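Participant: Dropping a structure here in structure tokens format, bear with me for questions.
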Number of protein chains: 4
Amino acid sequence: MLADLLKQDDASASEGFDFYSDNAAGVHPRILEALVACNRGFVPPYGMERFTRRIDSAFSEVFERECFVFPVPTGTAANGLALGALAPPHGLIFAHRNAHIVTTECGAPEFFTLGARLALLESPHNKLAASTFESALHGHARRTVHQLLPAVVSLTQATERGTVYALEEIAAISSLAHAAGLKVQMDGARFANAMVSLDATPAEMSWKAGVDAVSFGATKNGTMNADAVVLFDEGLAEKARFIHKRAGFLHSKMRFMSAQLLAYLEDGLWIANARAANANAERLAAALASVKGVELNDPVQANELFPRLPARFRRRLKSEGVHLRDWPDATGNLFRIVTSYCDGESRIGAFEKVCREFGGGEANATRSGE
Amino acid sequence: MLADLLKQDDASASEGFDFYSDNAAGVHPRILEALVACNRGFVPPYGMERFTRRIDSAFSEVFERECFVFPVPTGTAANGLALGALAPPHGLIFAHRNAHIVTTECGAPEFFTLGARLALLESPHNKLAASTFESALHGHARRTVHQLLPAVVSLTQATERGTVYALEEIAAISSLAHAAGLKVQMDGARFANAMVSLDATPAEMSWKAGVDAVSFGATKNGTMNADAVVLFDEGLAEKARFIHKRAGFLHSKMRFMSAQLLAYLEDGLWIANARAANANAERLAAALASVKGVELNDPVQANELFPRLPARFRRRLKSEGVHLRDWPDATGNLFRIVTSYCDGESRIGAFEKVCREFGGGEANATRSGE
Amino acid sequence: MLADLLKQDDASASEGFDFYSDNAAGVHPRILEALVACNRGFVPPYGMERFTRRIDSAFSEVFERECFVFPVPTGTAANGLALGALAPPHGLIFAHRNAHIVTTECGAPEFFTLGARLALLESPHNKLAASTFESALHGHARRTVHQLLPAVVSLTQATERGTVYALEEIAAISSLAHAAGLKVQMDGARFANAMVSLDATPAEMSWKAGVDAVSFGATKNGTMNADAVVLFDEGLAEKARFIHKRAGFLHSKMRFMSAQLLAYLEDGLWIANARAANANAERLAAALASVKGVELNDPVQANELFPRLPARFRRRLKSEGVHLRDWPDATGNLFRIVTSYCDGESRIGAFEKVCREFGGGEANATRSGE
Amino acid sequence: MLADLLKQDDASASEGFDFYSDNAAGVHPRILEALVACNRGFVPPYGMERFTRRIDSAFSEVFERECFVFPVPTGTAANGLALGALAPPHGLIFAHRNAHIVTTECGAPEFFTLGARLALLESPHNKLAASTFESALHGHARRTVHQLLPAVVSLTQATERGTVYALEEIAAISSLAHAAGLKVQMDGARFANAMVSLDATPAEMSWKAGVDAVSFGATKNGTMNADAVVLFDEGLAEKARFIHKRAGFLHSKMRFMSAQLLAYLEDGLWIANARAANANAERLAAALASVKGVELNDPVQANELFPRLPARFRRRLKSEGVHLRDWPDATGNLFRIVTSYCDGESRIGAFEKVCREFGGGEANATRSGE
């Protein structure tokens, strides 16, 4: 059954599939090598082996602070586990209304918290503005028992619109949150892309800016099925430990999760990958800037672009075999492009060529979304 | 960080680590090959690619009936998801008191059902006797609103004591369950080992015997981190689909889960692996039968042995470098041995040699546990 | 301890306390008499006595259809139980953003559904417009497993702004809901007030208009601590029965719950009470219409008024000893007035007198909010 | 509908209904008077009035320590709320296997804790022996993440077999619990009966003996529908406050709950009632002791008797119109008798007369159960 499939190409790859998502990419060769290399002999199950026992210290080195790390198979798992550790069932979790935890995780926050509620906020480019959050906090300030308890604010870094919170923006929100007794969770499905974009250290973009829990994405950036929740507090870790097990995330052959994460961190693979993805996004943005009538709906700060494309250019792309994914929007002309660490020169180059040949754009197109 | 670890052997491998668990084994080469082979190009994420779209039909062929299949990373995930689909929050789940879902999953059944209760039953060799279940059902027959609703009976096949339910035994329990309006879940963490032991087909050991949901274990028998929930009813699948996503089990790079399962089923790899593991168990049982004073606490029917070892023999094993895992028990002389598909002739042979040289056993030792 | 308190008046009664809420009212004498009358002898506990066994048929007569009725102590309990019976944990519940279940029940919907989510909608006067609901349904039409399952729409009748859904408005929403596979819940904390306002029958305002579950409020309208969930479907009732018990709502001395509800329904007490409360609201609305500068923010259709009061008139009210409750609003001049079945001629008359003496209003003031 | 019912007697009162349960009793006149007395004027809803604001201090006086009190409508509600405040979702709650929270609350502990598990223990007369609890704790001492976290031990005082924990017995269990990091919950559905039996103070039987949370029963002993959770720790109270509201227990007309509890405590009504009930039980026990062949299955220490009655005596009782409730038991000759504060001399006297006339008993019958 598998043999036949391996011979085929994916049928759906033809429609709307170029730069569809960084999830569509495969596994980085060094991650695969790690999996093969650690497949040697018998080792204790359930994370009692040397790879998993190294995980906390490996992340602690990278984050420059004691970390408590929980490998998980998906970003939804990471966010669910993190929020489950941070929020009580009667908690209120503030998030941007377009955050991934709101729109595309089928209620994982409610499932893992066992009944908390999301309070949805809106601000431009999917980035929660500190002032918006402050107003929302103020609106929930009269805490009676009739309302849920404000408990967590969740930030997506980079956001679902490819924008990135500056370090001061994170710190401003964290500061408001902590003053009001809330915790700060960062959905870092694209943690590395944001970090590279900011030229920041992991520490600067997390605990130094007040973040209490990081959903540390790695799968979009090169691993096979290994993300992690990174906590900085032992009490939170104690709670997370139980949720992690009872939710079915403690792999029996855990070495294959931990090895992915160690290989991901080792020698800066994760940073190199994120740099490559971001550089590809910059190249595509520059190419689009040369196309007349193209506007970028949001600033390009990580590895995602949300261009508005005129009809004639859309037709040209199609005729050249470039099938972009359209993105739900009232206008019907919005598209999403996600670059990855492994797009390959040929795909990027082909896209640039179409843009160049279509031509007629203006240099300031990239600014229009700001 | 990983490079150094790969050079080491696992430190804990020395103490109580021979035949520690089938979870301690690595990944079968053909599974690893499948992972490498499907790591090609960009494919749709979240299971929309051709590998995952093949999963239902692949299992349907194997189970000779339409199947609805949910790949999950662990056995705990499989059991949780299956029970969550079968039992309402106010449901009662009957299980043997030593079942894995009871003793070692940190309350996953309660987590995934959102509050159901386990009703614990006891019968010999961890096998729930139909008569015991019948009595328990009878004890809950007066269904008032003051008691939880009997909803599911869970069977572990093979059991945690390495015993195997005969097809008629499963059918007898299913028949009682269905007559009383309950569903039947099978924790098949060692599904293949039991099936091979019974020389049964997947269909015979599941839906033909009345099983409504199978936790289809594969990780202990050769995959890296891919098990599956197999359902035979679309209504149950509809519910499971939501739990599967919101619990964080829908991998973004799902092809790497599905490819493992397809490779596992392909060309009977799973059956060959289970046969190898069971054959190893038989050889160890035969070897132990020749040792004076050794008793098997439970019949050896799959790939686990629970021998009682006299002190002198234990010392001999140790001096020969064989470190078995002792098993919690009042007597202090009970051990657990789990064989796997990849034990290797040298390990099995070495164990046989120690037994042979120690000698003095009787041929009927294997019967003592029955 | 009680004796002293009984001698006092309530200290807080002086500030913002006139027409504060219908919850501030006491128990109707006929309800109290029923409690006293059924306090005779020993009867079976947990609802097995004749009062509770009469409940289903009593409501069935009133609603002209077989009803399954669950007495509960509060409106929050009623809404929680109803939603718990209607929505799965992965369900989405549509409601107006200012609905009581959203703003003032501390997450009871999430608690009783074990993790469902509220989808908040907005339309004027707290009344969910069918077109708004239709758009929202449309927005959730692409049902993938990444989103929660649209499961219930909840209507508050009368709304928290004292407005009332016309029968056709309920039917329009129900029709959309049912076509999309959703159930309709009615938060009828002020069911009687709305019904009297519409001059409708219980049947017309519930199942005939497509409502699947009614939170039948009675406490605001004369009982002590007895509301009810009214269901029309046995399958839903079966689920509700378990939640009702495990949530602690099945009173041991259930006769005292059922007797309240029976007395409430008997001889149309509930309708008479609602008529009295609504009539009081009309009188106050008429009185305010005569005051210059007063505007009604929302049409007065049941027993609540939301007037905007000019500063001079507010001062006059205060100096006359009328202390109205201000209502959170950006303008600072919005007030809430809730009339009840037992306001008494003196309170109403006094209010009218202040208005009349202040004077200068126009007749069309009551229309301003429409 | 009510009027007719009030004229009738309860039909089921004839079968097995004498001394059926203290729940079958009505409301004490002084409680009813309190309800009538506080039904005066308009007061703030949701517990903001003077009666509810007095509750904490009233209990604090009675318990000689700062109390945080949550009025609830049922014992199931009290236990659920208390356990929800004490145990995390991944917690393990130790209880006697016949405890009310185990057998007759439809999974309320699981519902309110959102997924905790009951660990069932057995010891004579439904009283959890400290040694049994100690063994169980020891069995869960190897705390890995694969097991739930031991979190609470629940004691029923008086037990479901009418036996009473001595103060030292409570203290011994509490001491073990606290040493292992667990909390102690007391299901005091018959708190007063036990307290009177021990001649102890509320403080001695609760926090002085190490109890962290009391489900303070009042309904069985005279109120209409008002029990309470009594906590001694502000942190626990903070959590309980949210559960109390979102579970629907915060009555809008809360004064009628609080007034019941205040009247119950006032002038020792609760103690007088419990003394009356216990005294009735003693008289019945003495009467039974005179009947040949009667054995008491459990010592009579509060207001319940569990006699084993010979067939001839059962027939005599029936012919004299005394219909006792049989109690599930393999022997078929076990009965349950529950006395209440209001049994009345005639019922007690009639029972004594039947016993006296049947005669032939021995004085030591009451000892047989010890």
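How things are named: the first chain in the structure tokens is A, the next is B, and so on; residues count from 1 in each chain; ligands count from 1 in the order shown.
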Skipping near chain neighbours, those fewer than 5 positions away, what residues fall within 6 Å of range 210-220 of chain D using only C-alpha atoms, listed as a ChimeraX atom specification?
Facilitator: /D:22-23,78-79,171,174,184-190,225-231
Participant: Give me, as a list in words, the residues of chain A touching chain B, with the criterion being at most 6 Å (counting only C-alpha atoms).
Facilitator: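 Listed by rising number, the hits are Leu2, Asn23, Ala24, Ala25, Gly26, Asn39, Phe42, Val43, Pro44, Pro45, Thr74, Thr76, Ala77, Glu105, Cys106, Gly107, Ala108, Arg246, Gly248, His251, Ser252 and Leu262 of chain A.
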Participant: Write the residues of the preceding selection, restricted to all heavy atoms, as a compact mmCIF listing (two decimals), in the first residue's frame.
Facilitator:
# COMPACT_ATOMS: atom_id res chain seq x y z
N LEU A 2 1.95 1.23 0.80
CA LEU A 2 2.81 2.41 0.87
C LEU A 2 3.65 2.53 -0.40
O LEU A 2 3.85 3.63 -0.93
CB LEU A 2 3.71 2.30 2.10
CG LEU A 2 4.66 3.46 2.33
CD1 LEU A 2 3.89 4.76 2.49
CD2 LEU A 2 5.52 3.20 3.56
N ASN A 23 4.14 23.94 7.02
CA ASN A 23 3.81 22.58 7.43
C ASN A 23 3.86 21.60 6.27
O ASN A 23 3.87 20.39 6.47
CB ASN A 23 2.38 22.53 7.98
CG ASN A 23 2.33 22.97 9.41
OD1 ASN A 23 3.31 22.85 10.12
ND2 ASN A 23 1.20 23.50 9.83
N ALA A 24 3.82 22.14 5.06
CA ALA A 24 3.82 21.27 3.89
C ALA A 24 5.23 20.78 3.58
O ALA A 24 5.42 19.83 2.82
CB ALA A 24 3.25 22.02 2.69
N ALA A 25 6.21 21.42 4.18
CA ALA A 25 7.60 21.03 3.96
C ALA A 25 7.89 19.70 4.64
O ALA A 25 7.16 19.24 5.50
CB ALA A 25 8.53 22.11 4.51
N GLY A 26 8.99 19.10 4.25
CA GLY A 26 9.38 17.84 4.86
C GLY A 26 10.25 18.06 6.08
O GLY A 26 10.27 19.14 6.69
N ASN A 39 18.43 5.29 16.74
CA ASN A 39 17.71 4.01 16.65
C ASN A 39 18.70 2.86 16.84
O ASN A 39 18.97 2.08 15.93
CB ASN A 39 17.03 3.91 15.28
CG ASN A 39 16.10 2.70 15.23
OD1 ASN A 39 15.51 2.32 16.23
ND2 ASN A 39 15.99 2.09 14.05
N PHE A 42 18.44 -1.06 22.87
CA PHE A 42 17.31 -0.91 23.78
C PHE A 42 17.60 0.20 24.78
O PHE A 42 18.68 0.23 25.36
CB PHE A 42 17.06 -2.22 24.51
CG PHE A 42 16.55 -3.31 23.62
CD1 PHE A 42 17.41 -4.02 22.79
CD2 PHE A 42 15.20 -3.64 23.60
CE1 PHE A 42 16.95 -5.03 21.95
CE2 PHE A 42 14.72 -4.64 22.77
CZ PHE A 42 15.60 -5.34 21.94
N VAL A 43 16.67 1.10 24.94
CA VAL A 43 16.86 2.16 25.95
C VAL A 43 15.58 2.26 26.78
O VAL A 43 14.50 1.86 26.32
CB VAL A 43 17.17 3.53 25.31
CG1 VAL A 43 18.39 3.45 24.40
CG2 VAL A 43 15.97 4.08 24.57
N PRO A 44 15.67 2.80 27.98
CA PRO A 44 14.47 2.91 28.81
C PRO A 44 13.38 3.72 28.12
O PRO A 44 13.68 4.71 27.44
CB PRO A 44 14.97 3.62 30.07
CG PRO A 44 16.42 3.31 30.12
CD PRO A 44 16.87 3.27 28.69
N PRO A 45 12.13 3.31 28.27
CA PRO A 45 11.03 4.01 27.61
C PRO A 45 10.57 5.23 28.42
O PRO A 45 11.11 5.53 29.48
CB PRO A 45 9.93 2.96 27.57
CG PRO A 45 10.18 2.12 28.77
CD PRO A 45 11.67 2.12 28.99
N THR A 74 2.47 18.25 18.44
CA THR A 74 1.89 19.29 17.58
C THR A 74 1.86 20.64 18.30
O THR A 74 1.98 20.72 19.52
CB THR A 74 0.43 18.95 17.20
OG1 THR A 74 -0.37 18.98 18.39
CG2 THR A 74 0.31 17.59 16.54
N THR A 76 -0.83 22.46 18.44
CA THR A 76 -2.07 22.46 19.21
C THR A 76 -1.85 21.82 20.58
O THR A 76 -2.33 22.32 21.60
CB THR A 76 -3.16 21.70 18.43
OG1 THR A 76 -3.41 22.39 17.20
CG2 THR A 76 -4.44 21.59 19.22
N ALA A 77 -1.09 20.74 20.59
CA ALA A 77 -0.75 20.09 21.85
C ALA A 77 0.05 21.04 22.74
O ALA A 77 -0.20 21.14 23.94
CB ALA A 77 0.05 18.82 21.58
N GLU A 105 -7.86 25.46 16.28
CA GLU A 105 -7.45 24.35 17.14
C GLU A 105 -8.65 23.64 17.75
O GLU A 105 -8.53 22.92 18.74
CB GLU A 105 -6.44 24.85 18.20
CG GLU A 105 -5.18 25.41 17.51
CD GLU A 105 -4.03 25.72 18.45
OE1 GLU A 105 -4.22 25.67 19.68
OE2 GLU A 105 -2.93 26.02 17.94
N CYS A 106 -9.80 23.84 17.18
CA CYS A 106 -10.99 23.07 17.55
C CYS A 106 -11.29 23.09 19.06
O CYS A 106 -11.76 22.11 19.63
CB CYS A 106 -10.86 21.62 17.07
SG CYS A 106 -12.41 20.71 17.12
N GLY A 107 -10.95 24.20 19.68
CA GLY A 107 -11.27 24.28 21.11
C GLY A 107 -10.27 23.59 22.00
O GLY A 107 -10.59 23.25 23.15
N ALA A 108 -9.05 23.42 21.53
CA ALA A 108 -8.02 22.83 22.39
C ALA A 108 -7.84 23.61 23.70
O ALA A 108 -7.69 23.01 24.76
CB ALA A 108 -6.69 22.71 21.65
N ARG A 246 -1.37 12.51 31.02
CA ARG A 246 -2.74 12.02 30.86
C ARG A 246 -3.35 12.42 29.53
O ARG A 246 -4.34 11.83 29.11
CB ARG A 246 -3.61 12.37 32.07
CG ARG A 246 -4.08 13.77 32.23
CD ARG A 246 -4.43 13.98 33.71
NE ARG A 246 -5.82 14.32 33.95
CZ ARG A 246 -6.70 13.61 34.63
NH1 ARG A 246 -6.37 12.46 35.15
NH2 ARG A 246 -7.93 14.00 34.81
N GLY A 248 -1.71 11.92 26.86
CA GLY A 248 -1.16 11.00 25.88
C GLY A 248 0.05 11.51 25.12
O GLY A 248 0.35 11.03 24.03
N HIS A 251 5.56 9.97 25.02
CA HIS A 251 5.80 8.88 24.09
C HIS A 251 6.54 7.73 24.79
O HIS A 251 7.41 7.97 25.62
CB HIS A 251 6.66 9.37 22.92
CG HIS A 251 5.93 10.24 21.96
ND1 HIS A 251 5.23 11.34 22.34
CD2 HIS A 251 5.79 10.17 20.60
CE1 HIS A 251 4.69 11.93 21.27
NE2 HIS A 251 5.02 11.23 20.21
N SER A 252 6.21 6.52 24.41
CA SER A 252 6.95 5.39 24.99
C SER A 252 8.38 5.40 24.44
O SER A 252 9.33 5.25 25.19
CB SER A 252 6.23 4.08 24.72
OG SER A 252 6.03 3.90 23.34
N LEU A 262 16.86 17.89 20.08
CA LEU A 262 18.29 18.14 20.30
C LEU A 262 18.98 18.45 18.97
O LEU A 262 19.79 19.38 18.89
CB LEU A 262 18.93 16.93 20.99
CG LEU A 262 18.44 16.67 22.43
CD1 LEU A 262 19.00 15.35 22.96
CD2 LEU A 262 18.84 17.83 23.35
Participant: Can you work out the spacing between CA of Glu160 in chain A and CA of Val294 in chain A in Å, to one decimal?
Facilitator: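 These atoms are spaced 20.2 Å apart.
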Participant: How far is it from CA of Phe94 in chain A to CA of Ala130 in chain C, in Å with one decimal?
Facilitator: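 Distance between the two atoms: 28.5 Å.
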Participant: Report the distance between CA of Ala116 in chain B and CA of Ala87 in chain B in Å, rounded to one decimal place.
Facilitator: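 Between these atoms lies a distance of 7.2 Å.
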Participant: Arg143 in chain D: which residues within 12 Å, counting only C-alpha atoms, same-chain residues fewer than 5 positions away excluded, as a PyMOL selection string?
Facilitator: (chain A and resi 241-242) or (chain B and resi 103-104+106) or (chain D and resi 91-92+137-138+148-151+180)
Participant: Could those selected residues go to a file with N, CA, C and O atoms, as a PDB file, in the first residue's frame?
Facilitator:
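File written: result02.pdb
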ATOM      1  N   ARG A 241       3.302  18.419  34.070  1.00  0.00           N
ATOM      2  CA  ARG A 241       3.778  17.038  34.002  1.00  0.00           C
ATOM      3  C   ARG A 241       2.600  16.051  33.968  1.00  0.00           C
ATOM      4  O   ARG A 241       2.595  15.091  33.204  1.00  0.00           O
ATOM      5  N   PHE A 242       1.596  16.317  34.790  1.00  0.00           N
ATOM      6  CA  PHE A 242       0.440  15.414  34.839  1.00  0.00           C
ATOM      7  C   PHE A 242      -0.423  15.539  33.578  1.00  0.00           C
ATOM      8  O   PHE A 242      -0.864  14.540  33.019  1.00  0.00           O
TER       9      PHE A 242
ATOM     10  N   THR B 103      -3.892   1.596  35.704  1.00  0.00           N
ATOM     11  CA  THR B 103      -2.717   1.718  36.566  1.00  0.00           C
ATOM     12  C   THR B 103      -1.660   2.686  36.068  1.00  0.00           C
ATOM     13  O   THR B 103      -0.908   3.220  36.877  1.00  0.00           O
ATOM     14  N   THR B 104      -1.578   2.911  34.764  1.00  0.00           N
ATOM     15  CA  THR B 104      -0.384   3.605  34.288  1.00  0.00           C
ATOM     16  C   THR B 104      -0.655   4.658  33.231  1.00  0.00           C
ATOM     17  O   THR B 104       0.216   4.983  32.434  1.00  0.00           O
ATOM     18  N   CYS B 106      -2.270   7.694  34.162  1.00  0.00           N
ATOM     19  CA  CYS B 106      -2.460   8.959  34.874  1.00  0.00           C
ATOM     20  C   CYS B 106      -3.869   9.556  34.704  1.00  0.00           C
ATOM     21  O   CYS B 106      -4.033  10.770  34.641  1.00  0.00           O
TER      22      CYS B 106
ATOM     23  N   GLY D  91      -6.120  14.502  40.293  1.00  0.00           N
ATOM     24  CA  GLY D  91      -5.997  14.065  41.675  1.00  0.00           C
ATOM     25  C   GLY D  91      -6.642  12.724  41.952  1.00  0.00           C
ATOM     26  O   GLY D  91      -7.533  12.277  41.236  1.00  0.00           O
ATOM     27  N   LEU D  92      -6.196  12.108  43.021  1.00  0.00           N
ATOM     28  CA  LEU D  92      -6.743  10.846  43.494  1.00  0.00           C
ATOM     29  C   LEU D  92      -7.403  11.117  44.844  1.00  0.00           C
ATOM     30  O   LEU D  92      -6.803  11.743  45.721  1.00  0.00           O
ATOM     31  N   LEU D 137      -2.019   4.662  50.934  1.00  0.00           N
ATOM     32  CA  LEU D 137      -1.060   5.739  50.666  1.00  0.00           C
ATOM     33  C   LEU D 137       0.293   5.153  50.284  1.00  0.00           C
ATOM     34  O   LEU D 137       0.946   5.608  49.340  1.00  0.00           O
ATOM     35  N   HIS D 138       0.678   4.131  51.038  1.00  0.00           N
ATOM     36  CA  HIS D 138       1.957   3.489  50.768  1.00  0.00           C
ATOM     37  C   HIS D 138       1.958   2.907  49.358  1.00  0.00           C
ATOM     38  O   HIS D 138       2.936   3.020  48.622  1.00  0.00           O
ATOM     39  N   LEU D 148      -2.112   8.994  39.006  1.00  0.00           N
ATOM     40  CA  LEU D 148      -2.723  10.233  39.477  1.00  0.00           C
ATOM     41  C   LEU D 148      -2.092  10.653  40.798  1.00  0.00           C
ATOM     42  O   LEU D 148      -1.484   9.847  41.503  1.00  0.00           O
ATOM     43  N   LEU D 149      -2.263  11.903  41.141  1.00  0.00           N
ATOM     44  CA  LEU D 149      -1.638  12.470  42.331  1.00  0.00           C
ATOM     45  C   LEU D 149      -2.555  12.308  43.553  1.00  0.00           C
ATOM     46  O   LEU D 149      -3.662  12.858  43.577  1.00  0.00           O
ATOM     47  N   PRO D 150      -2.122  11.562  44.557  1.00  0.00           N
ATOM     48  CA  PRO D 150      -2.940  11.473  45.790  1.00  0.00           C
ATOM     49  C   PRO D 150      -3.217  12.884  46.311  1.00  0.00           C
ATOM     50  O   PRO D 150      -2.286  13.665  46.522  1.00  0.00           O
ATOM     51  N   ALA D 151      -4.493  13.218  46.467  1.00  0.00           N
ATOM     52  CA  ALA D 151      -4.833  14.617  46.718  1.00  0.00           C
ATOM     53  C   ALA D 151      -5.762  14.814  47.914  1.00  0.00           C
ATOM     54  O   ALA D 151      -5.639  15.804  48.637  1.00  0.00           O
ATOM     55  N   ALA D 180       1.440  13.335  53.851  1.00  0.00           N
ATOM     56  CA  ALA D 180       1.658  12.937  52.457  1.00  0.00           C
ATOM     57  C   ALA D 180       1.194  14.008  51.480  1.00  0.00           C
ATOM     58  O   ALA D 180       1.135  13.771  50.274  1.00  0.00           O
TER      59      ALA D 180
END
Participant: Within 12 Å of Gly332 in chain A, counting only C-alpha atoms, which residues qualify if same-chain residues fewer than 5 places away don't, as a ChimeraX atom specification?
Facilitator: /A:307-311,314,325-327
Participant: For the residues in the current selection, export N, CA and C atoms as a PDB file, in the first residue's frame.
Facilitator:
ATOM      1  N   PRO A 307      -0.245  39.147   0.350  1.00  0.00           N
ATOM      2  CA  PRO A 307      -0.395  40.153  -0.706  1.00  0.00           C
ATOM      3  C   PRO A 307      -1.819  40.201  -1.250  1.00  0.00           C
ATOM      4  N   ARG A 308      -2.194  41.371  -1.699  1.00  0.00           N
ATOM      5  CA  ARG A 308      -3.410  41.528  -2.499  1.00  0.00           C
ATOM      6  C   ARG A 308      -2.971  41.585  -3.964  1.00  0.00           C
ATOM      7  N   LEU A 309      -3.496  40.700  -4.737  1.00  0.00           N
ATOM      8  CA  LEU A 309      -3.018  40.564  -6.110  1.00  0.00           C
ATOM      9  C   LEU A 309      -4.104  40.958  -7.096  1.00  0.00           C
ATOM     10  N   PRO A 310      -3.759  41.832  -8.045  1.00  0.00           N
ATOM     11  CA  PRO A 310      -4.742  42.189  -9.068  1.00  0.00           C
ATOM     12  C   PRO A 310      -5.037  40.984  -9.968  1.00  0.00           C
ATOM     13  N   ALA A 311      -6.216  40.994 -10.557  1.00  0.00           N
ATOM     14  CA  ALA A 311      -6.698  39.831 -11.299  1.00  0.00           C
ATOM     15  C   ALA A 311      -5.760  39.426 -12.435  1.00  0.00           C
ATOM     16  N   ARG A 314      -2.844  37.575 -11.111  1.00  0.00           N
ATOM     17  CA  ARG A 314      -3.252  36.237 -10.654  1.00  0.00           C
ATOM     18  C   ARG A 314      -3.327  35.283 -11.845  1.00  0.00           C
ATOM     19  N   ARG A 325      -2.261  30.155  -2.552  1.00  0.00           N
ATOM     20  CA  ARG A 325      -3.420  29.852  -1.718  1.00  0.00           C
ATOM     21  C   ARG A 325      -4.157  31.148  -1.419  1.00  0.00           C
ATOM     22  N   ASP A 326      -5.428  31.209  -1.793  1.00  0.00           N
ATOM     23  CA  ASP A 326      -6.163  32.424  -1.438  1.00  0.00           C
ATOM     24  C   ASP A 326      -6.581  32.345   0.013  1.00  0.00           C
ATOM     25  N   TRP A 327      -6.807  33.492   0.614  1.00  0.00           N
ATOM     26  CA  TRP A 327      -7.014  33.567   2.052  1.00  0.00           C
ATOM     27  C   TRP A 327      -8.369  34.230   2.302  1.00  0.00           C
TER      28      TRP A 327
END
Participant: Please extract the residues of range 80-305 of chain C with a backbone DSSP assignment of alpha helix (DSSP H) and present them as a PyMOL selection string.
Facilitator: chain C and resi 80-86+100-103+108-113+130-139+167-179+191-198+202-205+234-246+255-265+269-289
Participant: Run DSSP on the backbone of this structure and report the residues of range 150-305 of chain B it assigns to strand (DSSP E), as a short mmCIF file (atom, residue, chain, number, x, y, z; two decimals) with C-alpha atoms, in the first residue's frame.
Facilitator:
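Listing of part.cif after writing:
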data_model
loop_
_atom_site.label_atom_id
_atom_site.label_comp_id
_atom_site.auth_asym_id
_atom_site.auth_seq_id
_atom_site.Cartn_x
_atom_site.Cartn_y
_atom_site.Cartn_z
CA PRO B 150 -22.69 1.62 32.52
CA ALA B 151 -21.21 2.56 29.15
CA VAL B 152 -18.10 0.63 28.17
CA VAL B 153 -16.14 -2.49 28.98
CA SER B 154 -12.43 -2.30 28.21
CA LEU B 155 -10.36 -5.39 27.47
CA THR B 156 -6.58 -5.45 27.15
CA LYS B 183 -19.77 -0.64 24.01
CA VAL B 184 -16.59 -2.73 23.93
CA GLN B 185 -13.16 -1.17 23.70
CA MET B 186 -10.03 -3.22 23.15
CA ASP B 187 -6.72 -1.87 24.39
CA GLY B 188 -4.60 -3.52 21.74
CA ALA B 213 -13.23 0.30 19.15
CA VAL B 214 -9.66 -0.91 18.93
CA SER B 215 -6.63 0.87 20.30
CA PHE B 216 -4.35 -0.51 17.66
CA ASP B 227 -0.53 3.85 17.03
CA ALA B 228 -4.13 4.18 15.88
CA VAL B 229 -7.72 4.11 17.04
CA VAL B 230 -9.79 1.91 14.73
CA LEU B 231 -13.55 2.44 14.78
CA GLU B 295 7.47 -21.05 38.21
CA LEU B 296 5.54 -19.03 35.69
CA GLU B 304 5.54 -11.48 28.10
CA LEU B 305 6.66 -13.83 30.87
#
